[in-house]
Each structure stands twice: as C-alpha cells, then as structure tokens.
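Shown next: work.csv, given as CSV, C-alpha atoms.
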```csv
chain,number,residue,atom,x,y,z
A,178,MET,CA,-121.6,-166.0,144.4
A,179,SER,CA,-123.9,-164.1,146.7
A,180,MET,CA,-124.6,-167.2,148.7
A,181,LYS,CA,-120.9,-167.7,149.2
A,182,LYS,CA,-120.5,-164.1,150.4
A,183,ASP,CA,-123.4,-164.4,152.8
A,184,LYS,CA,-122.0,-167.7,154.2
A,185,ILE,CA,-118.6,-166.2,154.7
A,186,ALA,CA,-120.1,-163.1,156.3
A,187,GLY,CA,-122.1,-165.2,158.8
A,188,ILE,CA,-119.0,-167.2,159.7
A,189,ILE,CA,-117.0,-164.1,160.2
A,190,GLN,CA,-119.7,-162.5,162.4
A,191,LYS,CA,-119.8,-165.6,164.6
A,192,GLU,CA,-116.1,-166.1,164.9
A,193,VAL,CA,-115.2,-162.4,165.5
A,194,SER,CA,-117.9,-162.3,168.2
A,195,ARG,CA,-116.2,-165.2,169.9
A,196,ILE,CA,-112.7,-163.8,169.5
A,197,ILE,CA,-113.8,-160.4,171.0
A,198,GLN,CA,-115.8,-162.1,173.8
A,199,PHE,CA,-113.3,-164.7,174.9
A,200,GLU,CA,-109.8,-163.7,173.7
A,201,LEU,CA,-109.6,-159.9,173.8
A,202,LYS,CA,-109.0,-158.9,177.4
A,203,ASP,CA,-109.5,-155.1,177.2
A,204,PRO,CA,-111.9,-153.5,179.6
A,205,LYS,CA,-112.3,-150.5,177.3
A,206,LEU,CA,-114.5,-152.6,175.0
A,207,GLY,CA,-117.4,-152.9,177.4
A,208,PHE,CA,-120.5,-154.5,176.0
A,209,ILE,CA,-120.2,-154.8,172.3
A,210,THR,CA,-122.5,-156.4,169.7
A,211,ILE,CA,-121.6,-157.2,166.1
A,212,THR,CA,-124.8,-156.3,164.2
A,213,ASP,CA,-123.8,-157.0,160.7
A,214,VAL,CA,-120.9,-158.1,158.4
A,215,GLU,CA,-120.7,-157.1,154.7
A,216,VAL,CA,-118.1,-158.9,152.6
A,217,SER,CA,-116.9,-157.3,149.3
A,218,GLY,CA,-117.4,-159.1,146.0
A,219,ASP,CA,-113.9,-160.5,145.8
A,220,CYS,CA,-113.9,-161.3,149.6
A,221,SER,CA,-110.9,-159.0,150.2
A,222,GLN,CA,-112.6,-156.8,152.7
A,223,ALA,CA,-115.2,-157.4,155.5
A,224,LYS,CA,-117.0,-154.4,156.9
A,225,ILE,CA,-118.0,-155.3,160.5
A,226,TYR,CA,-120.7,-153.1,162.0
A,227,VAL,CA,-120.6,-152.9,165.8
A,228,SER,CA,-122.8,-151.4,168.4
A,229,PHE,CA,-121.8,-150.4,171.9
A,230,LEU,CA,-123.9,-150.0,175.1
A,231,GLY,CA,-123.1,-146.8,176.9
A,232,GLN,CA,-122.0,-143.2,176.4
A,233,ASN,CA,-120.1,-141.8,173.5
A,234,ALA,CA,-116.8,-141.8,175.4
A,235,ARG,CA,-117.1,-145.6,175.8
A,236,LYS,CA,-118.0,-146.0,172.1
A,237,GLU,CA,-114.9,-144.0,171.0
A,238,ALA,CA,-112.6,-146.0,173.3
A,239,GLY,CA,-114.2,-149.2,172.1
A,240,MET,CA,-113.6,-148.3,168.4
A,241,LYS,CA,-110.0,-147.4,169.1
A,242,THR,CA,-109.5,-150.7,170.9
A,243,LEU,CA,-111.0,-152.6,168.0
A,244,ASN,CA,-108.9,-150.8,165.4
A,245,ARG,CA,-105.8,-151.4,167.5
A,246,SER,CA,-106.7,-155.1,167.8
A,247,LYS,CA,-107.4,-155.6,164.1
A,248,GLY,CA,-104.2,-157.6,163.4
A,249,PHE,CA,-104.8,-160.0,166.4
A,250,ILE,CA,-108.4,-160.5,165.5
A,251,ARG,CA,-107.5,-161.2,161.8
A,252,SER,CA,-104.8,-163.7,162.8
A,253,GLN,CA,-107.2,-165.5,165.1
A,254,LEU,CA,-109.8,-165.5,162.4
A,255,ALA,CA,-107.3,-167.0,159.9
A,256,GLN,CA,-106.8,-170.0,162.2
A,257,ARG,CA,-110.5,-170.6,162.3
A,258,LEU,CA,-111.5,-170.1,158.6
A,259,THR,CA,-110.9,-172.5,155.8
A,260,ILE,CA,-110.6,-169.9,153.1
A,261,ARG,CA,-107.3,-169.1,151.4
A,262,LYS,CA,-107.1,-165.4,152.2
A,263,VAL,CA,-108.7,-163.8,155.2
A,264,PRO,CA,-110.4,-160.5,154.3
A,265,GLU,CA,-109.2,-157.2,155.7
A,266,LEU,CA,-111.3,-156.2,158.6
A,267,ILE,CA,-112.9,-152.8,158.7
A,268,PHE,CA,-114.8,-151.9,161.9
A,269,LEU,CA,-117.7,-149.4,161.6
A,270,GLN,CA,-120.0,-148.1,164.3
A,271,ASP,CA,-123.6,-149.1,163.7
A,272,THR,CA,-125.9,-146.2,164.6
A,273,ALA,CA,-129.2,-147.7,163.4
A,274,LEU,CA,-130.4,-148.5,166.9
A,275,GLU,CA,-129.8,-144.9,168.1
A,276,ARG,CA,-131.5,-143.5,165.0
A,277,GLY,CA,-134.5,-145.8,165.6
A,278,ASN,CA,-134.7,-144.7,169.2
A,279,LYS,CA,-134.6,-141.1,168.2
A,280,ILE,CA,-137.4,-141.6,165.7
A,281,GLU,CA,-139.5,-143.4,168.3
A,282,GLN,CA,-139.0,-140.5,170.7
A,283,ILE,CA,-140.1,-138.0,168.0
A,284,ILE,CA,-143.3,-140.1,167.3
A,285,ALA,CA,-144.1,-140.4,171.0
A,286,ASP,CA,-143.7,-136.6,171.4
A,287,ILE,CA,-146.1,-136.0,168.5
A,288,HIS,CA,-148.7,-138.3,170.0
A,289,LYS,CA,-148.4,-136.5,173.4
A,290,LYS,CA,-149.3,-133.2,171.7
```
Rewrite the coordinates I just gave you, this time as structure tokens.
Amino acid sequence: MSMKKDKIAGIIQKEVSRIIQFELKDPKLGFITITDVEVSGDCSQAKIYVSFLGQNARKEAGMKTLNRSKGFIRSQLAQRLTIRKVPELIFLQDTALERGNKIEQIIADIHKK
C-alpha cells in the first residue's frame, strides 16, 4: 500500500509541476517549486508542499493564486492520471529551506564569535 501511495505522490508531483509551469498563466506565481507531495492513506487528499523564491508578499500572492486555481489544476490532473478518483489538492507552503538557512546563519554567527 505504501508503494502505491509513493508512486501516486511522485506522479502527482511531476504532473502538477508541469501544469503550473506550462498551463497556468498567472504572473503572480513567480518562481515556484513543488518540494514534496503526501498522499493520504485512502488517496482522497494530496498535500502539496510548495516553495517560492522571493519576498513574503510574493509568497502570499502565490498561495492565493494556487488556492484559486485548485479546481483547474485538479481537472487537468484528472485527464493525466489513470486512477479512478483524483485526490483533493491541499497546497501548503514549505518553509524547510528558510529554517535551514536561518540555522546556518546562527551557526555561522557562533563561529565568528
């Protein structure tokens, strides 16, 4: 069962990336990266973690755009997947990179002292 979820998550990540890159024509998105996809046990929900390049205002605008475009992205995904029911898409902002950079900065400051 876990292998099936992982395979579906990988396919969703690849296809949603393509849809956002080639079919969504909204300049508010900016540079976006899908960092991870987690599919629920019954494959009814997919949590899609995204990362934005830029300031907080761009990130907020990008998240609003993604949430507004959920229906379009899901319908495009349904045409590309061979599963019976396409999971509900939940977009979440991935802050792991920012936390990592902050930790690196703290370590660098400690070494300077």
Discussion item. List as a PyMOL selection string the protein and nucleic acid residues near Gln270 in chain A, meaning an atom at most 9 Å away when only C-alpha atoms are counted, but skip any in the same chain fewer than 3 places from it.
Written reply: chain A and resi 225-229+236+240
Selected residues written out with C-alpha atoms, as a PDB file, in the coordinates of the input:
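File produced: result19.pdb:
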```
ATOM      1  CA  ILE A 225    -118.000-155.300 160.500  1.00  0.00           C
ATOM      2  CA  TYR A 226    -120.700-153.100 162.000  1.00  0.00           C
ATOM      3  CA  VAL A 227    -120.600-152.900 165.800  1.00  0.00           C
ATOM      4  CA  SER A 228    -122.800-151.400 168.400  1.00  0.00           C
ATOM      5  CA  PHE A 229    -121.800-150.400 171.900  1.00  0.00           C
ATOM      6  CA  LYS A 236    -118.000-146.000 172.100  1.00  0.00           C
ATOM      7  CA  MET A 240    -113.600-148.300 168.400  1.00  0.00           C
TER       8      MET A 240
END
```
Discussion item. Please list as JSON, numbers by chain every residue within 12 Å of Thr212 in chain A, counting only C-alpha atoms and excluding residues in the same chain fewer than 2 positions away.
Written reply: {"A": [186, 187, 189, 190, 191, 193, 194, 209, 210, 214, 215, 224, 225, 226, 227, 228, 229, 268, 269, 270, 271, 272, 273, 274]}
Practice prompt. Tell me which of A:Lys205, A:Arg261, A:Lys279, A:Lys184 sits closest to Leu243 in chain A, counting only C-alpha atoms.
Written response: A:Lys205
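Note that the spacing between CA of Ile250 in chain A and CA of Leu230 in chain A amounts to 21.0 Å.
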Discussion item. When you count only C-alpha atoms, which of these residues is closest to Ile197 in chain A: A:Lys290, A:Arg235, A:Lys241, A:Lys247?
Written reply: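 Checking each candidate against Ile197 in chain A, we get A:Lys247 as the closest.
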Worksheet item: Interatomic distance between CA of Val216 in chain A and CA of Lys181 in chain A?
Response: 9.8 Å
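Compared by their closest atoms to Ser179 in chain A, and using only C-alpha atoms, the residues A:Asp219, A:Arg257, A:Glu200, A:Leu206 rank with A:Asp219 nearest.
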Discussion item. Report as an NGL selection string all protein, DNA and RNA residues lying within 10 Å of Pro204 in chain A, evaluated on all atoms listed in the file, omitting residues in the same chain fewer than 2 positions from it.
Written reply: :A and (201-202 or 206-208 or 238-239 or 242)
Worksheet item: For Asp213 in chain A, which residue among A:Ile188, A:Met180, A:Ile280, A:Val263 is the nearest when counting only C-alpha atoms?
Response: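 Smallest separation from Asp213 in chain A among the options: A:Ile188.
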Item to complete: Tell me, in Å to one decimal, how far CA of Thr259 in chain A is from CA of Ser217 in chain A.
Response: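 Between CA of Thr259 in chain A and CA of Ser217 in chain A the gap is 17.6 Å.
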